[in-house]
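What follows is a short report on a single structure.
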Amino acid sequence: MRKTMRQHWLLLGACGWVLFILMFVSKFISFRAADEYVESSGAQSWTVLGTKWVRPTRVSKLALNPSHQPSAIHSAADWHSVSEKRIEQLSTICKNSTLRHLTRVSISKFVLDRIFVCDKHKILFCQTPKVGNTQWKKVLIVLNGVFSTVEEIPENLVHDHEKNGLPRLSSFTPQEVTHRLNTYFKFFIVRDPFERLISAFKDKFIKNPRFEPWYKHDIAPAIIRKYRKSHRDSDNTASGLHFEDFVRYLGDMEGRSRMDRQFGDNIIHWVTYTELCAPCEIQYSVVGHHETLEQDAPHILRAAGIDQLVSYPAIPPGITRYNRSKVEHYFSGISKRDIRHLYARYQGDFLMFGYPSPEFLLN
């Protein structure tokens, strides 16, 4: 009897361990899939110069539901209401004179380089790296008629801007640019600013794609030499770039300007949404959020009048969900001073798009 009971409990214990391991592996695969889904973007062009550092500006809290906890969008009317609130939030922050240093940027060649054009359906899409923009570029490629479905498009073609058939707005004359900005459907996608930076760090400095060796061999050592406090005590490149080094570099809004010129086009993956798309100068029709992309994507297609022509690629479950535990993990070893400096630079992105300030990191 005792032997039977013992075998029974051993069997239950073994089953418990198996279930625990399966749950852990499933969660790991889910996180990895999420990174692979959002961390692909093509090489870009032009350079954004640094600006003088200022302290975070205090502003009154606006009555917009934080994107980290999105409300359910059950109908087109619900989504239209949410979309209008996002544009209203953006407009309110853009009109705030105390925030001009965070929100104002001229419509330069850099900005026009970021905007892809679909003349056939009168659409402009501003690409913001590290928020899964590859899928939207596939949608535009299909609309331009080269492929009939997004599944047919080779991955290497999406980022080949010489061959994918997506012209940039910068390739048009000033008169043509003005006409398109005034009359076309315009949209872009945003994501929690700090989670986006983590995505950029992991993609460019941890995974370090073989076709982009300069991130590991040129940019990382330069950041380490300038921003790693203990670099004189050991081989300053042996362990690679640390997230702490990356944060300190990004938060040095005045000192990093020369480095940004040195890095050239490659800083595109971590500059602000303001620098990328000039949302206070260009009146965008829609701003989608990565955290609600499953709901936003079909409504954006419908708003642009193309929902009968193309479908947005399927999104794996949970891929777009905000992962606070990951953010806390990456920032766990970062000083409050460095986090405050980083927030000062990206505060405009938090405010314009309704993302709550990361008080759990700042305080």
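Residue numbering restarts at 1 for every chain of the structure tokens, chains are lettered A, B, ... in their displayed order, and ligands are numbered from 1 as they appear.
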
Within 9 Å of stretch 113-129 of chain A, counting only C-alpha atoms, which residues qualify if same-chain residues fewer than 4 places away don't, as number ranges by chain?
A: 38-42, 44-46, 108-109, 133-134, 136-137, 140-141, 143-144, 166-171, 180-181, 183-190, 196, 200, 268-270, 272-273, 276-277, 304-306

Export, as a short mmCIF file (atom, residue, chain, number, x, y, z; two decimals), in the first residue's frame, the selected residues with C-alpha atoms.
```
data_model
loop_
_atom_site.label_atom_id
_atom_site.label_comp_id
_atom_site.auth_asym_id
_atom_site.auth_seq_id
_atom_site.Cartn_x
_atom_site.Cartn_y
_atom_site.Cartn_z
CA VAL A 38 9.02 43.73 -34.13
CA GLU A 39 12.78 43.96 -34.56
CA SER A 40 13.16 43.85 -38.34
CA SER A 41 13.66 47.13 -40.20
CA GLY A 42 15.76 48.23 -43.12
CA GLN A 44 17.92 54.09 -43.55
CA SER A 45 19.52 57.32 -44.70
CA TRP A 46 20.40 60.76 -43.37
CA SER A 108 13.61 68.24 -43.54
CA LYS A 109 14.95 65.80 -46.09
CA ASN A 133 6.98 48.38 -39.76
CA THR A 134 8.12 45.62 -42.10
CA TRP A 136 3.19 47.78 -43.35
CA LYS A 137 5.83 48.09 -46.05
CA LEU A 140 2.26 49.07 -49.58
CA ILE A 141 4.31 46.86 -51.90
CA LEU A 143 -0.84 47.95 -53.25
CA ASN A 144 1.75 49.09 -55.77
CA LEU A 166 8.33 52.11 -52.63
CA PRO A 167 9.36 55.68 -53.47
CA ARG A 168 10.22 58.06 -50.66
CA LEU A 169 8.54 61.42 -50.42
CA SER A 170 11.98 63.03 -50.69
CA SER A 171 12.19 61.85 -54.31
CA ARG A 180 0.76 64.81 -51.27
CA LEU A 181 1.08 66.08 -47.72
CA THR A 183 -4.26 65.48 -49.85
CA TYR A 184 -3.07 61.93 -49.11
CA PHE A 185 -4.03 59.59 -46.25
CA LYS A 186 -1.10 59.74 -43.80
CA PHE A 187 -0.30 57.41 -40.91
CA PHE A 188 2.44 55.93 -38.74
CA ILE A 189 2.76 53.54 -35.78
CA VAL A 190 4.19 54.19 -32.31
CA ARG A 196 11.27 50.47 -28.36
CA ALA A 200 16.71 48.49 -30.83
CA ILE A 268 17.74 55.99 -37.12
CA HIS A 269 16.70 53.08 -34.90
CA TRP A 270 16.67 55.08 -31.68
CA THR A 272 12.50 60.10 -31.38
CA TYR A 273 9.20 59.90 -33.24
CA LEU A 276 11.39 60.73 -37.60
CA CYS A 277 7.94 61.92 -38.67
CA ALA A 304 -7.45 54.33 -46.03
CA GLY A 305 -10.01 52.66 -48.30
CA ILE A 306 -7.88 49.61 -49.05
#
```

Nearest to A:Asn266: which of A:Trp214, A:Glu328, A:Leu361, A:Glu281 is it, counting only C-alpha atoms?
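That would be A:Trp214, the residue with the smallest distance to A:Asn266.
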
Could you check how far atom CA of A:Gln295 sits from atom CA of A:Thr92, in Å to one decimal?
24.5 Å

DSSP-assigned strand (DSSP E) among stretch 70-308 of chain A, expressed as a PyMOL selection string:
chain A and resi 115-118+123-126+185-190+286-289

Just-selected residues, N, CA, C and O atoms written as a PDB file, in the first residue's frame:
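Below is the file that was written, part34.pdb:
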```
ATOM      1  N   ILE A 115       9.204  58.849 -45.168  1.00  0.00           N
ATOM      2  CA  ILE A 115       7.813  58.677 -45.606  1.00  0.00           C
ATOM      3  C   ILE A 115       7.763  57.971 -46.966  1.00  0.00           C
ATOM      4  O   ILE A 115       8.278  58.466 -47.963  1.00  0.00           O
ATOM      5  N   PHE A 116       7.103  56.803 -46.979  1.00  0.00           N
ATOM      6  CA  PHE A 116       6.948  56.036 -48.211  1.00  0.00           C
ATOM      7  C   PHE A 116       5.616  56.382 -48.880  1.00  0.00           C
ATOM      8  O   PHE A 116       4.625  56.663 -48.208  1.00  0.00           O
ATOM      9  N   VAL A 117       5.623  56.323 -50.207  1.00  0.00           N
ATOM     10  CA  VAL A 117       4.498  56.828 -50.996  1.00  0.00           C
ATOM     11  C   VAL A 117       3.832  55.717 -51.798  1.00  0.00           C
ATOM     12  O   VAL A 117       4.504  54.903 -52.440  1.00  0.00           O
ATOM     13  N   CYS A 118       2.507  55.689 -51.748  1.00  0.00           N
ATOM     14  CA  CYS A 118       1.710  54.844 -52.642  1.00  0.00           C
ATOM     15  C   CYS A 118       0.777  55.779 -53.405  1.00  0.00           C
ATOM     16  O   CYS A 118      -0.317  56.124 -52.922  1.00  0.00           O
ATOM     17  N   ILE A 123      -1.593  57.234 -50.454  1.00  0.00           N
ATOM     18  CA  ILE A 123      -1.247  56.908 -49.074  1.00  0.00           C
ATOM     19  C   ILE A 123       0.196  57.289 -48.799  1.00  0.00           C
ATOM     20  O   ILE A 123       1.083  57.063 -49.639  1.00  0.00           O
ATOM     21  N   LEU A 124       0.435  57.865 -47.627  1.00  0.00           N
ATOM     22  CA  LEU A 124       1.777  58.142 -47.139  1.00  0.00           C
ATOM     23  C   LEU A 124       1.968  57.406 -45.820  1.00  0.00           C
ATOM     24  O   LEU A 124       1.130  57.492 -44.923  1.00  0.00           O
ATOM     25  N   PHE A 125       3.076  56.690 -45.697  1.00  0.00           N
ATOM     26  CA  PHE A 125       3.371  55.937 -44.477  1.00  0.00           C
ATOM     27  C   PHE A 125       4.741  56.339 -43.952  1.00  0.00           C
ATOM     28  O   PHE A 125       5.746  56.180 -44.633  1.00  0.00           O
ATOM     29  N   CYS A 126       4.786  56.882 -42.737  1.00  0.00           N
ATOM     30  CA  CYS A 126       6.058  57.264 -42.128  1.00  0.00           C
ATOM     31  C   CYS A 126       6.575  56.091 -41.303  1.00  0.00           C
ATOM     32  O   CYS A 126       5.905  55.640 -40.363  1.00  0.00           O
ATOM     33  N   PHE A 185      -3.815  60.220 -47.554  1.00  0.00           N
ATOM     34  CA  PHE A 185      -4.028  59.592 -46.248  1.00  0.00           C
ATOM     35  C   PHE A 185      -2.655  59.323 -45.638  1.00  0.00           C
ATOM     36  O   PHE A 185      -1.816  58.653 -46.248  1.00  0.00           O
ATOM     37  N   LYS A 186      -2.420  59.807 -44.430  1.00  0.00           N
ATOM     38  CA  LYS A 186      -1.099  59.737 -43.803  1.00  0.00           C
ATOM     39  C   LYS A 186      -1.192  59.036 -42.448  1.00  0.00           C
ATOM     40  O   LYS A 186      -2.070  59.356 -41.649  1.00  0.00           O
ATOM     41  N   PHE A 187      -0.273  58.096 -42.202  1.00  0.00           N
ATOM     42  CA  PHE A 187      -0.301  57.406 -40.913  1.00  0.00           C
ATOM     43  C   PHE A 187       1.080  56.902 -40.528  1.00  0.00           C
ATOM     44  O   PHE A 187       1.992  56.803 -41.351  1.00  0.00           O
ATOM     45  N   PHE A 188       1.249  56.600 -39.248  1.00  0.00           N
ATOM     46  CA  PHE A 188       2.443  55.935 -38.742  1.00  0.00           C
ATOM     47  C   PHE A 188       2.082  55.204 -37.446  1.00  0.00           C
ATOM     48  O   PHE A 188       0.995  55.384 -36.901  1.00  0.00           O
ATOM     49  N   ILE A 189       3.002  54.370 -36.961  1.00  0.00           N
ATOM     50  CA  ILE A 189       2.761  53.536 -35.784  1.00  0.00           C
ATOM     51  C   ILE A 189       3.763  53.903 -34.691  1.00  0.00           C
ATOM     52  O   ILE A 189       4.939  54.156 -34.982  1.00  0.00           O
ATOM     53  N   VAL A 190       3.305  53.917 -33.442  1.00  0.00           N
ATOM     54  CA  VAL A 190       4.195  54.194 -32.311  1.00  0.00           C
ATOM     55  C   VAL A 190       4.140  53.035 -31.317  1.00  0.00           C
ATOM     56  O   VAL A 190       3.278  52.160 -31.405  1.00  0.00           O
ATOM     57  N   VAL A 286      -4.025  59.238 -39.120  1.00  0.00           N
ATOM     58  CA  VAL A 286      -4.151  58.205 -38.090  1.00  0.00           C
ATOM     59  C   VAL A 286      -2.790  57.948 -37.455  1.00  0.00           C
ATOM     60  O   VAL A 286      -1.762  57.963 -38.138  1.00  0.00           O
ATOM     61  N   VAL A 287      -2.793  57.696 -36.140  1.00  0.00           N
ATOM     62  CA  VAL A 287      -1.606  57.222 -35.435  1.00  0.00           C
ATOM     63  C   VAL A 287      -1.961  55.880 -34.807  1.00  0.00           C
ATOM     64  O   VAL A 287      -2.816  55.812 -33.917  1.00  0.00           O
ATOM     65  N   GLY A 288      -1.369  54.819 -35.304  1.00  0.00           N
ATOM     66  CA  GLY A 288      -1.624  53.501 -34.740  1.00  0.00           C
ATOM     67  C   GLY A 288      -0.691  53.228 -33.571  1.00  0.00           C
ATOM     68  O   GLY A 288       0.384  53.821 -33.474  1.00  0.00           O
ATOM     69  N   HIS A 289      -1.109  52.344 -32.682  1.00  0.00           N
ATOM     70  CA  HIS A 289      -0.290  51.964 -31.529  1.00  0.00           C
ATOM     71  C   HIS A 289       0.067  50.480 -31.624  1.00  0.00           C
ATOM     72  O   HIS A 289      -0.810  49.647 -31.867  1.00  0.00           O
TER      73      HIS A 289
END
```

Figure out the distance between atom CA of A:Tyr312 and atom CA of A:Val142, please, to one decimal in Å.
10.7 Å

What separation in Å, quoted to one decimal, exists between atom CA of A:Arg86 and atom CA of A:Thr320?
18.3 Å

Tell me which of A:His299, A:His242, A:Arg261, A:His159 sits closest to A:Gln135, counting only C-alpha atoms.
A:His159

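For the choices A:Gly240, A:Ser199, A:Val139, A:Tyr215, the atom-to-atom distance to A:Asp307 is smallest for A:Val139 when using only C-alpha atoms.
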
Closest to A:Asp218 among A:Asn323, A:Ser148, A:Thr274, A:Gln262, using only C-alpha atoms?
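Of A:Asn323, A:Ser148, A:Thr274, A:Gln262, the one nearest A:Asp218 is A:Gln262, counting only C-alpha atoms.
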